[in-house]
Every structure is written in C-alpha cells, then in structure tokens.
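Asks: Structure file query-v8.cif, mmCIF, C-alpha atoms, is pasted below:
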```cif
data_final
#
loop_
_atom_site.label_atom_id
_atom_site.label_comp_id
_atom_site.auth_asym_id
_atom_site.auth_seq_id
_atom_site.Cartn_x
_atom_site.Cartn_y
_atom_site.Cartn_z
CA MET A 1 37.99 4.08 -26.12
CA GLU A 2 37.32 2.86 -29.64
CA ASN A 3 34.07 1.19 -30.50
CA PRO A 4 34.64 -2.49 -31.22
CA THR A 5 33.62 -3.69 -34.65
CA ILE A 6 32.25 -7.05 -35.58
CA ALA A 7 33.23 -8.54 -38.91
CA LEU A 8 30.50 -10.68 -40.41
CA SER A 9 30.75 -12.81 -43.49
CA SER A 10 28.60 -11.89 -46.46
CA PRO A 11 26.19 -13.42 -46.95
CA LEU A 12 25.60 -14.15 -43.28
CA GLU A 13 24.23 -17.63 -42.59
CA LEU A 14 22.40 -18.43 -39.35
CA THR A 15 20.49 -21.43 -38.11
CA ILE A 16 17.09 -20.39 -36.78
CA GLU A 17 13.76 -22.14 -36.69
CA LEU A 18 11.01 -20.12 -38.35
CA THR A 19 7.65 -21.17 -39.70
CA ASP A 20 6.86 -20.17 -43.28
CA GLU A 21 4.60 -17.42 -41.91
CA GLN A 22 7.34 -16.10 -39.59
CA PHE A 23 9.90 -16.13 -42.41
CA PHE A 24 7.56 -14.25 -44.74
CA HIS A 25 6.86 -11.68 -41.99
CA LEU A 26 10.61 -11.26 -41.32
CA CYS A 27 11.18 -10.53 -45.01
CA GLN A 28 8.28 -8.04 -45.16
CA GLU A 29 9.46 -6.16 -42.06
CA ASN A 30 13.08 -5.89 -43.28
CA ARG A 31 12.79 -4.95 -46.93
CA ASP A 32 16.23 -3.31 -46.99
CA LEU A 33 17.78 -6.77 -46.57
CA ARG A 34 17.46 -9.88 -48.71
CA PHE A 35 16.74 -13.18 -46.99
CA GLU A 36 16.85 -16.73 -48.23
CA ARG A 37 16.35 -19.96 -46.32
CA THR A 38 17.89 -23.38 -46.89
CA SER A 39 15.81 -26.55 -46.91
CA THR A 40 17.18 -27.33 -43.42
CA GLY A 41 16.11 -23.97 -41.98
CA GLY A 42 19.38 -22.06 -42.31
CA LEU A 43 18.72 -18.34 -42.68
CA ILE A 44 20.86 -16.49 -45.24
CA ILE A 45 21.03 -12.70 -44.88
CA MET A 46 22.37 -10.73 -47.83
CA SER A 47 22.95 -7.04 -48.19
CA PRO A 48 21.40 -5.17 -51.11
CA THR A 49 23.40 -5.43 -54.31
CA GLY A 50 25.95 -2.79 -55.29
CA SER A 51 24.93 -0.06 -57.70
CA GLU A 52 26.87 -1.40 -60.70
CA THR A 53 25.38 -4.89 -60.32
CA GLY A 54 21.92 -3.40 -59.71
CA ASN A 55 22.14 -1.47 -62.97
CA ARG A 56 23.12 -4.57 -64.91
CA ASN A 57 20.45 -6.64 -63.17
CA ILE A 58 17.70 -4.21 -64.18
CA ASP A 59 18.84 -4.50 -67.80
CA LEU A 60 18.60 -8.28 -67.51
CA SER A 61 15.13 -8.06 -65.91
CA TYR A 62 13.99 -5.51 -68.51
CA GLN A 63 14.96 -7.78 -71.40
CA LEU A 64 13.26 -10.81 -69.85
CA GLN A 65 10.11 -8.83 -69.00
CA SER A 66 9.94 -7.30 -72.49
CA TRP A 67 10.03 -10.76 -74.09
CA SER A 68 7.59 -12.13 -71.49
CA ARG A 69 5.04 -9.36 -72.17
CA GLN A 70 5.16 -10.04 -75.88
CA ASN A 71 4.61 -13.74 -75.10
CA LYS A 72 2.32 -13.42 -72.07
CA HIS A 73 0.38 -16.53 -73.03
CA LEU A 74 3.59 -18.54 -72.44
CA GLY A 75 4.45 -17.44 -68.92
CA ILE A 76 5.33 -14.77 -66.40
CA ALA A 77 8.65 -13.14 -65.43
CA PHE A 78 9.90 -12.17 -61.96
CA ASP A 79 12.63 -9.86 -60.68
CA SER A 80 15.24 -10.32 -57.95
CA SER A 81 12.94 -9.29 -55.12
CA THR A 82 10.74 -12.38 -55.63
CA GLY A 83 10.97 -15.34 -53.29
CA PHE A 84 9.94 -18.88 -54.20
CA LYS A 85 9.29 -21.86 -51.92
CA LEU A 86 11.08 -24.74 -53.66
CA PRO A 87 9.88 -28.35 -53.45
CA ASP A 88 12.71 -29.24 -51.02
CA GLY A 89 11.53 -26.49 -48.63
CA ALA A 90 14.16 -23.84 -49.42
CA ASP A 91 13.02 -20.22 -49.86
CA ILE A 92 15.14 -18.62 -52.54
CA SER A 93 15.31 -15.49 -54.73
CA PRO A 94 16.97 -15.71 -58.15
CA ASP A 95 18.12 -12.49 -59.84
CA ALA A 96 15.50 -13.14 -62.53
CA ALA A 97 13.06 -15.98 -63.11
CA TRP A 98 10.27 -17.14 -65.40
CA ILE A 99 7.43 -19.64 -64.93
CA ARG A 100 5.21 -21.23 -67.58
CA ARG A 101 1.69 -19.75 -67.58
CA ASP A 102 -0.11 -23.07 -66.98
CA ARG A 103 2.01 -23.81 -63.90
CA TRP A 104 1.55 -20.28 -62.51
CA ASP A 105 -2.21 -20.30 -63.14
CA ALA A 106 -2.51 -23.60 -61.20
CA LEU A 107 -1.53 -21.76 -57.98
CA THR A 108 -4.18 -20.25 -55.73
CA PRO A 109 -4.36 -16.46 -55.23
CA ALA A 110 -3.15 -16.97 -51.62
CA GLU A 111 -0.11 -18.95 -52.83
CA LYS A 112 0.77 -16.21 -55.33
CA GLU A 113 0.66 -13.51 -52.62
CA LYS A 114 3.48 -14.95 -50.52
CA PHE A 115 6.51 -16.96 -51.59
CA ALA A 116 4.84 -19.09 -54.25
CA PRO A 117 5.34 -22.83 -53.67
CA ILE A 118 6.78 -23.46 -57.11
CA CYS A 119 10.15 -23.87 -58.75
CA PRO A 120 10.70 -21.56 -61.73
CA ASP A 121 11.26 -23.07 -65.17
CA PHE A 122 14.08 -20.59 -65.82
CA VAL A 123 16.44 -18.71 -63.49
CA VAL A 124 19.36 -16.32 -63.81
CA GLU A 125 22.03 -15.48 -61.27
CA LEU A 126 24.22 -12.44 -61.98
CA ARG A 127 27.56 -12.60 -60.16
CA SER A 128 28.76 -9.36 -58.64
CA THR A 129 32.46 -8.82 -57.95
CA THR A 130 32.01 -9.81 -54.28
CA ASP A 131 29.91 -12.96 -54.87
CA SER A 132 31.45 -16.37 -54.31
CA LEU A 133 31.39 -18.31 -57.56
CA GLU A 134 31.21 -21.61 -55.66
CA LYS A 135 28.16 -20.45 -53.68
CA LEU A 136 26.41 -19.36 -56.87
CA ARG A 137 27.21 -22.71 -58.47
CA ALA A 138 25.75 -24.47 -55.42
CA LYS A 139 22.64 -22.30 -55.73
CA MET A 140 22.31 -23.25 -59.41
CA ARG A 141 22.62 -26.95 -58.49
CA LEU A 142 19.84 -26.40 -55.93
CA TYR A 143 17.62 -24.87 -58.62
CA MET A 144 18.26 -27.78 -60.97
CA LYS A 145 17.61 -30.37 -58.24
CA ASN A 146 14.24 -28.71 -57.60
CA GLY A 147 13.15 -28.70 -61.25
CA VAL A 148 14.51 -25.63 -63.06
CA ARG A 149 14.73 -26.50 -66.75
CA LEU A 150 17.25 -23.80 -67.79
CA GLY A 151 19.59 -21.75 -65.62
CA TRP A 152 22.18 -19.13 -66.46
CA LEU A 153 24.99 -18.08 -64.14
CA LEU A 154 26.36 -14.82 -65.57
CA ASP A 155 29.90 -14.27 -64.28
CA ARG A 156 30.78 -10.65 -65.07
CA LYS A 157 34.15 -10.91 -63.36
CA ASN A 158 35.41 -13.63 -65.72
CA ARG A 159 33.09 -12.72 -68.62
CA GLN A 160 31.72 -16.25 -68.69
CA VAL A 161 28.28 -17.84 -68.70
CA GLU A 162 27.53 -21.21 -67.14
CA ILE A 163 24.41 -22.79 -68.64
CA SER A 164 22.61 -25.47 -66.64
CA ARG A 165 20.04 -27.76 -68.25
CA GLN A 166 18.17 -30.74 -66.83
CA GLY A 167 20.06 -34.01 -67.34
CA ARG A 168 23.12 -32.41 -68.96
CA GLU A 169 26.57 -31.24 -67.95
CA VAL A 170 27.02 -27.52 -67.30
CA GLU A 171 28.13 -25.69 -70.46
CA ILE A 172 30.60 -22.81 -70.06
CA LEU A 173 30.75 -20.03 -72.67
CA ASP A 174 33.51 -17.41 -72.82
CA ALA A 175 32.32 -13.84 -73.43
CA PRO A 176 29.20 -14.60 -75.49
CA ALA A 177 27.41 -11.59 -77.02
CA THR A 178 23.96 -13.16 -76.61
CA LEU A 179 22.21 -16.14 -75.01
CA SER A 180 19.27 -18.10 -76.39
CA GLY A 181 16.29 -19.06 -74.25
CA GLU A 182 16.22 -22.31 -76.22
CA ASP A 183 12.98 -24.32 -76.03
CA VAL A 184 12.26 -23.09 -72.48
CA LEU A 185 11.91 -19.44 -73.56
CA PRO A 186 11.27 -19.75 -77.30
CA GLY A 187 12.46 -16.72 -79.21
CA PHE A 188 14.10 -15.03 -76.20
CA VAL A 189 17.62 -13.75 -76.84
CA LEU A 190 19.47 -11.99 -74.02
CA ASP A 191 21.84 -9.26 -75.23
CA LEU A 192 24.83 -9.32 -72.85
CA THR A 193 26.42 -6.08 -74.13
CA GLU A 194 25.30 -3.91 -71.20
CA ILE A 195 25.37 -6.76 -68.67
CA PHE A 196 29.01 -7.72 -69.24
#
```
Can the structure in the file be given as structure tokens, please?

Replies:
Amino acid sequence: MENPTIALSSPLELTIELTDEQFFHLCQENRDLRFERTSTGGLIIMSPTGSETGNRNIDLSYQLQSWSRQNKHLGIAFDSSTGFKLPDGADISPDAAWIRRDRWDALTPAEKEKFAPICPDFVVELRSTTDSLEKLRAKMRLYMKNGVRLGWLLDRKNRQVEISRQGREVEILDAPATLSGEDVLPGFVLDLTEIF
C-alpha cells in the first residue's frame, strides 16, 4: 500500500489565534521554517528559499549592509530572517530592510529583542521563480500602508523592478543595472548584476 501524500500550497496560510509571545516562541522553536502573520491573525508558513535565490539575496543584503556600515549614523540594516511587528498588527519579514537610526534608537532594548514594533523605512522583496508576483505586490502594498517610504520588488523572472514610494504610483523598470536609494538611503546604489 502506497503512503498517501498531501499537497499543500506554498506558502501555506492558516488561521490560528496566537498571542505575540506565542507567535515569537513558535518562530524561535522552528527556525528551519519562516513564519509571517497577517493583521487578522492568519499564519503564513513558508519554506526556506531555494539556493539560487538565497545566493542572490545574500548579495543584496551584503550591499545594503556595506552601505549601512559606512553610514551607521543614518540607520541600521536587517536581513531576511528579521521579523517586524507592523502598526496594523501584522508580523512580517522582508528580504532586506533598513530603519532610520533615530527611529530604531527610540525602541526599548526589550522591543529590539523580539519582533520590533516598527515599520521599516525601506524594504526589498526578491522574487524567486516559485513566488507569486501578485502576493509579493500585495505584501508591498501592506508595507506602504504601514509606513514604508521606499520599497523595491525585484522580479528576477521578468528582469523587472517595481519601485513603491509613499503617495506615488508604482514605477516599473525593465532590466535596470542599478537602483538608487534616493533620499531614503542617500548615496546607496544597488548593483543588480549578480542579483538578476
């Protein structure tokens, strides 16, 4: 007799009631999975990224961190394993993020230890070949609604970048070589050569 298999969608979305403490504990006890939570309590379970996307994501994080270290008085960078508690109650993990120093320093040490209750100023989502573009666009709209000032959706599959800015229409660029951090990340230029 064959073992039955269960096909689950990816990412898997469940509705479960968890306190912030329970959600944080769930994430800490299951580090081989990535969890996010919607503002209504929906639990999103994602598998780790594929190797190719992981390699490109580390290049993205490296470039952001390198600029951030040289400009540490401006703010602090975060990688894809970081969760943030957004103002609407969602717990979410961008592929890379950055927060202005004054906003970060206003948090207590206890708030910084868990999923910091703050919306980043800048976020990046890197689309892998299996990611739904519509779901990533919805995630970017969620970021913007919660106060992100600049967001980049890097679509490797179509070699496009969707740039989100507060109060403006999304700008789509075809196969750009670089991206500017504009006035949010002054002087930061992301080289997309290895990422695309």

Asks: For the file shown, report as a PyMOL selection string the outcome of the PyMOL selection byres ((chain A and resi 58) around 12) at residue level.

Replies: chain A and resi 49+51-57+59-66+78-81+95-96+126+194-195

Asks: Could you tell me, as a PyMOL selection string, exactly which residues end up selected when the PyMOL selection byres ((chain A and resi 48) around 10) is applied to this structure?

Replies: chain A and resi 31-34+45-47+49-51+54

Asks: Could you tell me which of A:Asn30, A:Leu185, A:Thr40, A:Leu190 comes closest to Lys72 in chain A if we count only C-alpha atoms?

Replies: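 Residue with the minimum atom-to-atom distance to Lys72 in chain A: A:Leu185.
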
Asks: What does the structure give for the distance between CA of Asp102 in chain A and CA of Phe84 in chain A, in Å to one decimal?

Replies: 16.8 Å

Asks: If you count all atoms listed in the file, which residues fall within 12 Å of Ala106 in chain A, apart from same-chain ones fewer than 6 positions away, as a VMD selection string?

Replies: chain A and resid 99 to 100 112 116 to 118

Asks: Let's have the selection written as an mmCIF file, in the frame of the given file, with C-alpha atoms.

Replies:
```cif
data_model
loop_
_atom_site.group_PDB
_atom_site.id
_atom_site.type_symbol
_atom_site.label_atom_id
_atom_site.label_comp_id
_atom_site.auth_asym_id
_atom_site.auth_seq_id
_atom_site.Cartn_x
_atom_site.Cartn_y
_atom_site.Cartn_z
ATOM 1 C CA ILE A 99 7.430 -19.640 -64.930
ATOM 2 C CA ARG A 100 5.210 -21.230 -67.580
ATOM 3 C CA LYS A 112 0.770 -16.210 -55.330
ATOM 4 C CA ALA A 116 4.840 -19.090 -54.250
ATOM 5 C CA PRO A 117 5.340 -22.830 -53.670
ATOM 6 C CA ILE A 118 6.780 -23.460 -57.110
#
```

Asks: Residues around (8.6, -19.2, -58.1), cut-off 12 Å, counting all atoms listed in the file - what are they as number ranges by chain?

Replies: A: 75-87, 90-101, 103-105, 107, 111-123, 143, 146-148

Asks: Provide the CA of Phe35 in chain A to CA of Met144 in chain A distance in Å, to one decimal place.

Replies: 20.3 Å

Asks: Here is a test: counting only C-alpha atoms, which residue of A:Thr108, A:Thr15, A:Ser128, A:Ser180 is nearest to Gly42 in chain A?

Replies: A:Thr15

Asks: I'd like the interatomic distance between CA of Leu136 in chain A and CA of Val170 in chain A, to a tenth of an Å.

Replies: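 That distance, rounded to one decimal, is 13.3 Å.
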
Asks: Could you tell me which residues the PyMOL selection byres ((chain A and resi 151) around 6) returns for this structure, as a list in words?

Replies: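 Applying the PyMOL selection byres ((chain A and resi 151) around 6) to the structure shown produces Phe122, Val123, Val124, Leu150, Trp152, Ile163 and Ser164 of chain A.
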
Asks: List the neighbours of Glu17 in chain A out to 12 Å using all atoms listed in the file; skip same-chain residues closer than 5 positions along the sequence, and give me the result as JSON, numbers by chain.

Replies: {"A": [22, 23, 37, 38, 39, 40, 41, 42, 43]}

Asks: Need the shell around Glu162 in chain A: protein/DNA/RNA residues with any atom at most 8 Å away, counting all atoms listed in the file. Skip same-chain ones fewer than 6 positions apart. Format as a ChimeraX atom specification?

Replies: /A:152-155,170-173
